[in-house]
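Visitor: Have a look at this one.
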Amino acid sequence: MSSRPSNALRLLHTSDWHIGQELHGHDRQEEHDAFLGWLLEQIGTLEIDALVVTGDIFDVANPPVTATARFYGFLRDALATHPRLQIVIVGGNHDSAARINLPGALLGRGRVHLVGQLPRCEGALDLDGLFVTLAGRGGGPAALLAAIPYCRPGDLGRGDLASLYAEVAIAAEARAVGLPVVLTGHLHVSGGDVSIDSERRIVIGGEEAEASTLFDARAAYVALGHLHRPQDVAGSTLIRYAGSPIPLSLAERDYHHSVTVVDLGDGEPRVSVLEIPRLAAFVSFPAAGAQSFEEVELALAAFDFGEPETLGRRPFVEVTVLLDRPQPGVTARVHAALEGKPVRLTRIRSIYPDAPVRDGLAGRGEALDALEPSAVFAALHAERHAAEPNQALARAFAELVIAVQSETQL
């Protein structure tokens, strides 16, 4: 690591921490502590120069005190244990812009840069509040970063994301003076793999997903947040979602959660991925499909869940039962089968293969809170009008959902 040239910059990109999140009533504090402790170790081991976090620091805009204490504690420890580290954090759609900006009033514009909302001065884009010059290993300028947070429709004024990123690209080229440029963003880019159970839809300017052509080829790396699966996005430059550090829904249990390490300097950027150790396992009974309760009961009795040392290490368990008709007492029987076992039950799904409405809500066998609002709306519309909602109606509903979600988080 120490053989890197003085103008080299090693950047660690992570995202979507969702501190304070609960999974079906089970808190994730121990998992978040394990991740943040691991992250601090990796910053030292890899000799990271800059940590970039691309939004959704918290799970809700008004997080519990324990969540904010965990975040501020991490900032304190990172600055204390890594004296050269620079930190750039942008807000996401789950975050309160004011809450993300808050520590900046105490820390000043030194080694920590917090951008909760698109900075403006007298209505114009405040480029001084947007750009951060990152120092390399030798202490001199090594890259220019444009810290663009999640942009709510009102943040853009009369413009759109395309015009915003175009303006930033022109300004970055003039300011960079030959340094590599890094862009950030918190949005849904077309082609990205979505986790519908936990990723809240973003609609800006009437569009849910943006094209990767937003990002100018002059950028060396585009660090994105919002989608929880780590993934590259095809485009004219390196575009990547770092993904979340832990599974935020049952649909994400097979993701390989990771952080992204980017080396910038002479030549082409080099990207590597570091997988994050998982504290708690996710187990489904049965592993795929559905079985009768008797078969599931036998599987639960025979399975060895081990002896987890702490509550946060107990596996999350999902049970799916195949039924020919609704039966009372299924939930009680599952709880009885798991009694005394060191597990955290997430949900019990009842599947009815012969239900008269197979494609609508009645035949899905899922809890309402596990369904995407747009899927519920589309299913109800189809049942009542024998047709899918048209594009304009679906878009209007998506915008309404976002407005309601924003109001409930204030």
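We name chains A, B, ... following the order of the structure tokens; residues begin at 1 in each chain, and ligands are numbered from 1 as shown.
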What's around Leu323 of chain A at 7 Å? Count only C-alpha atoms, leave out sequence neighbours fewer than 4 positions away in its own chain, and write the answer as a list in words.
Guide: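 The residues satisfying every condition are Ser292, Ser350, Ile351 and Tyr352 of chain A.
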Visitor: Can you pull out every residue within 7 Å of Glu318 of chain A, counting only C-alpha atoms, but drop anything in the same chain fewer than 5 positions away, and send it as number ranges by chain?
Guide: A: 283-285, 345-348
Visitor: Might you pull out every residue within 10 Å of Gly92 of chain A, with only C-alpha atoms counted and same-chain residues fewer than 4 positions away left off, and present them as a PyMOL selection string?
Guide: chain A and resi 15-16+18+53-59+61+96-97+100+115-117+148-152+185-187+225-226
Visitor: Quick check, in Å to one decimal: how far apart do atom CA of Glu30 of chain A and atom CA of His82 of chain A lie?
Guide: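 Straight-line distance from atom CA of Glu30 of chain A to atom CA of His82 of chain A works out to 23.2 Å.
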Visitor: Find, counting only C-alpha atoms, the residue in A:Ser249, A:Thr310, A:Thr213, A:Ser272 that gets nearest to Gln231 of chain A.
Guide: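 Among the listed residues, A:Ser272 lies closest to Gln231 of chain A.
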